[in-house]
Amino acid sequence: MTPDPTLTAFDLAAAAPGGVDWEGAECCGELIAPEALDDAAGAPANVPVAPGAGFAIMAEAVPLEGGDDPAFGTVRWRTVICADRTPSSGVVLGVAEFGPGDTLLPHRHGPAEVYFGLEGGGTVTIEGVAHEIAAGVAVYIPAEAEHDVMAGPAGLRFAYTFPTGRFAEVDYRFTPR
């Protein structure tokens, strides 16, 4: 099923605060012009946001990051929900994308993390114990546990989430090679 783009809160085509681009945001049933999104969290200046109003965003519209930093490996990702980019708090959600054999190198960070397999398959190694990940499989990674990812021959896509408001609050510490 193809998502209806009219239900998308952020259209990601024009400059906006926090490094993500969008043409407008849908909030409280109104389309908000980009110039109205004036603070770091993307909160609208001219439309009251009702507590719990929420929003929707198309993950595929968020630009890919990564893939070119040898410290991380060859993984690429889309940080979809993050208080630096969306009117959200308390949770980060993104999608990691790996080509065949791509990697996320061994690292640790303070908050726990959850992966949820979307496509393909691979191996998530947590404190030396290998766990298979595939579509429909959830993997829990405790806070400060060393972990890495190796995609299988078909590549791998999984959603990741942290119980913190901003991706920048996740202190990645890669294991020296």
# chains A, B, ... in the order shown; residues from 1 in each chain; ligands from 1
$ residues_around --residues "Val170 (chain A)" --least-positions-apart "5" --cutoff "10 Å" --atoms "only C-alpha atoms" --output "PDB file with N, CA, C and O atoms, in the first residue's frame"
ATOM      1  N   VAL A  92      13.478   9.178  19.712  1.00  0.00           N
ATOM      2  CA  VAL A  92      14.091   9.306  18.388  1.00  0.00           C
ATOM      3  C   VAL A  92      13.709   8.050  17.621  1.00  0.00           C
ATOM      4  O   VAL A  92      13.744   6.945  18.171  1.00  0.00           O
ATOM      5  N   ARG A 108      29.205   1.728  21.437  1.00  0.00           N
ATOM      6  CA  ARG A 108      28.349   1.794  22.633  1.00  0.00           C
ATOM      7  C   ARG A 108      27.700   3.165  22.689  1.00  0.00           C
ATOM      8  O   ARG A 108      28.215   4.124  22.112  1.00  0.00           O
ATOM      9  N   HIS A 109      26.614   3.256  23.433  1.00  0.00           N
ATOM     10  CA  HIS A 109      25.993   4.555  23.740  1.00  0.00           C
ATOM     11  C   HIS A 109      25.118   4.386  24.968  1.00  0.00           C
ATOM     12  O   HIS A 109      24.699   3.273  25.308  1.00  0.00           O
ATOM     13  N   GLY A 110      24.851   5.513  25.632  1.00  0.00           N
ATOM     14  CA  GLY A 110      24.122   5.507  26.907  1.00  0.00           C
ATOM     15  C   GLY A 110      22.701   5.013  26.833  1.00  0.00           C
ATOM     16  O   GLY A 110      22.337   4.110  27.578  1.00  0.00           O
ATOM     17  N   PRO A 111      21.861   5.547  25.966  1.00  0.00           N
ATOM     18  CA  PRO A 111      20.499   5.012  26.022  1.00  0.00           C
ATOM     19  C   PRO A 111      20.420   3.628  25.391  1.00  0.00           C
ATOM     20  O   PRO A 111      21.187   3.298  24.482  1.00  0.00           O
ATOM     21  N   ALA A 112      19.470   2.839  25.887  1.00  0.00           N
ATOM     22  CA  ALA A 112      19.155   1.567  25.238  1.00  0.00           C
ATOM     23  C   ALA A 112      18.632   1.871  23.839  1.00  0.00           C
ATOM     24  O   ALA A 112      18.280   3.016  23.524  1.00  0.00           O
ATOM     25  N   PHE A 162      15.415   5.304  20.107  1.00  0.00           N
ATOM     26  CA  PHE A 162      16.074   5.599  21.380  1.00  0.00           C
ATOM     27  C   PHE A 162      15.089   6.327  22.288  1.00  0.00           C
ATOM     28  O   PHE A 162      14.313   7.160  21.805  1.00  0.00           O
ATOM     29  N   PRO A 163      15.132   6.100  23.596  1.00  0.00           N
ATOM     30  CA  PRO A 163      14.256   6.820  24.529  1.00  0.00           C
ATOM     31  C   PRO A 163      14.875   8.157  24.951  1.00  0.00           C
ATOM     32  O   PRO A 163      15.139   8.409  26.128  1.00  0.00           O
ATOM     33  N   THR A 164      15.131   9.006  23.963  1.00  0.00           N
ATOM     34  CA  THR A 164      15.662  10.343  24.199  1.00  0.00           C
ATOM     35  C   THR A 164      15.112  11.250  23.113  1.00  0.00           C
ATOM     36  O   THR A 164      14.704  10.754  22.053  1.00  0.00           O
ATOM     37  N   GLY A 165      15.082  12.527  23.347  1.00  0.00           N
ATOM     38  CA  GLY A 165      14.442  13.441  22.403  1.00  0.00           C
ATOM     39  C   GLY A 165      15.225  13.758  21.150  1.00  0.00           C
ATOM     40  O   GLY A 165      14.648  14.035  20.115  1.00  0.00           O
TER      41      GLY A 165
END
$ atom_distance --atom1 "CA of Thr103 (chain A)" --atom2 "CA of Thr86 (chain A)"
27.7 Å
$ atom_distance --atom1 "CA of Gly67 (chain A)" --atom2 "CA of Val124 (chain A)"
18.0 Å
$ residues_around --residues "Ile126 (chain A)" --least-positions-apart "5" --cutoff "9 Å" --atoms "only C-alpha atoms" --output "mmCIF file with N, CA and C atoms, in the first residue's frame"
data_model
loop_
_atom_site.group_PDB
_atom_site.id
_atom_site.type_symbol
_atom_site.label_atom_id
_atom_site.label_comp_id
_atom_site.auth_asym_id
_atom_site.auth_seq_id
_atom_site.Cartn_x
_atom_site.Cartn_y
_atom_site.Cartn_z
ATOM 1 N N PRO A 106 31.418 -1.791 15.627
ATOM 2 C CA PRO A 106 31.173 -1.935 17.070
ATOM 3 C C PRO A 106 31.238 -0.591 17.810
ATOM 4 N N HIS A 131 22.850 -12.156 16.985
ATOM 5 C CA HIS A 131 21.386 -12.256 16.900
ATOM 6 C C HIS A 131 21.001 -11.970 15.453
ATOM 7 N N ILE A 141 18.791 -3.680 22.575
ATOM 8 C CA ILE A 141 20.202 -3.465 22.885
ATOM 9 C C ILE A 141 20.264 -2.654 24.182
ATOM 10 N N PRO A 142 20.755 -3.249 25.266
ATOM 11 C CA PRO A 142 20.825 -2.528 26.543
ATOM 12 C C PRO A 142 21.764 -1.321 26.465
ATOM 13 N N ALA A 145 25.841 -1.445 26.021
ATOM 14 C CA ALA A 145 26.263 -2.734 25.462
ATOM 15 C C ALA A 145 26.968 -2.496 24.133
ATOM 16 N N GLU A 146 28.131 -3.120 23.962
ATOM 17 C CA GLU A 146 28.806 -3.014 22.667
ATOM 18 C C GLU A 146 27.996 -3.805 21.643
ATOM 19 N N HIS A 147 27.773 -3.201 20.481
ATOM 20 C CA HIS A 147 27.015 -3.873 19.431
ATOM 21 C C HIS A 147 27.478 -3.404 18.058
ATOM 22 N N ASP A 148 27.235 -4.265 17.072
ATOM 23 C CA ASP A 148 27.535 -3.940 15.675
ATOM 24 C C ASP A 148 26.539 -4.677 14.796
#
$ atom_distance --atom1 "CA of Met150 (chain A)" --atom2 "CA of Arg166 (chain A)"
25.3 Å
$ closest_residue --among "A:Val129, A:Leu93, A:Leu64, A:Ala71" --to "Phe116 (chain A)" --atoms "only C-alpha atoms"
A:Leu93
$ decode --residues "region 151-166 of chain A" --atoms "N, CA, C and O atoms" --output "tab-separated table (two decimals), in the first residue's frame"
chain	number	residue	atom	x	y	z
A	151	ALA	N	25.10	-6.62	7.48
A	151	ALA	CA	23.98	-6.97	6.60
A	151	ALA	C	24.29	-8.25	5.84
A	151	ALA	O	25.44	-8.55	5.53
A	152	GLY	N	23.24	-8.98	5.54
A	152	GLY	CA	23.36	-10.20	4.74
A	152	GLY	C	23.44	-9.89	3.26
A	152	GLY	O	23.50	-8.73	2.84
A	153	PRO	N	23.39	-10.94	2.42
A	153	PRO	CA	23.55	-10.77	0.97
A	153	PRO	C	22.41	-9.98	0.30
A	153	PRO	O	22.60	-9.45	-0.79
A	154	ALA	N	21.27	-9.88	0.94
A	154	ALA	CA	20.15	-9.12	0.38
A	154	ALA	C	20.09	-7.69	0.93
A	154	ALA	O	19.16	-6.95	0.62
A	155	GLY	N	21.07	-7.31	1.75
A	155	GLY	CA	21.01	-6.00	2.39
A	155	GLY	C	20.10	-6.07	3.61
A	155	GLY	O	19.61	-7.14	3.98
A	156	LEU	N	19.86	-4.91	4.22
A	156	LEU	CA	19.07	-4.87	5.46
A	156	LEU	C	18.49	-3.48	5.65
A	156	LEU	O	19.17	-2.48	5.39
A	157	ARG	N	17.25	-3.41	6.08
A	157	ARG	CA	16.62	-2.17	6.54
A	157	ARG	C	15.96	-2.47	7.87
A	157	ARG	O	15.24	-3.46	8.00
A	158	PHE	N	16.22	-1.60	8.86
A	158	PHE	CA	15.50	-1.72	10.13
A	158	PHE	C	15.20	-0.36	10.70
A	158	PHE	O	15.89	0.62	10.41
A	159	ALA	N	14.13	-0.29	11.47
A	159	ALA	CA	13.81	0.92	12.23
A	159	ALA	C	14.61	0.86	13.52
A	159	ALA	O	14.83	-0.22	14.07
A	160	TYR	N	15.06	2.01	13.99
A	160	TYR	CA	15.75	2.09	15.28
A	160	TYR	C	15.10	3.18	16.11
A	160	TYR	O	14.55	4.15	15.57
A	161	THR	N	15.12	2.99	17.42
A	161	THR	CA	14.55	4.00	18.30
A	161	THR	C	15.35	4.08	19.59
A	161	THR	O	15.91	3.08	20.06
A	162	PHE	N	15.41	5.30	20.11
A	162	PHE	CA	16.07	5.60	21.38
A	162	PHE	C	15.09	6.33	22.29
A	162	PHE	O	14.31	7.16	21.80
A	163	PRO	N	15.13	6.10	23.60
A	163	PRO	CA	14.26	6.82	24.53
A	163	PRO	C	14.87	8.16	24.95
A	163	PRO	O	15.14	8.41	26.13
A	164	THR	N	15.13	9.01	23.96
A	164	THR	CA	15.66	10.34	24.20
A	164	THR	C	15.11	11.25	23.11
A	164	THR	O	14.70	10.75	22.05
A	165	GLY	N	15.08	12.53	23.35
A	165	GLY	CA	14.44	13.44	22.40
A	165	GLY	C	15.22	13.76	21.15
A	165	GLY	O	14.65	14.03	20.12
A	166	ARG	N	16.55	13.74	21.24
A	166	ARG	CA	17.38	14.18	20.13
A	166	ARG	C	18.45	13.15	19.79
A	166	ARG	O	19.12	12.64	20.69
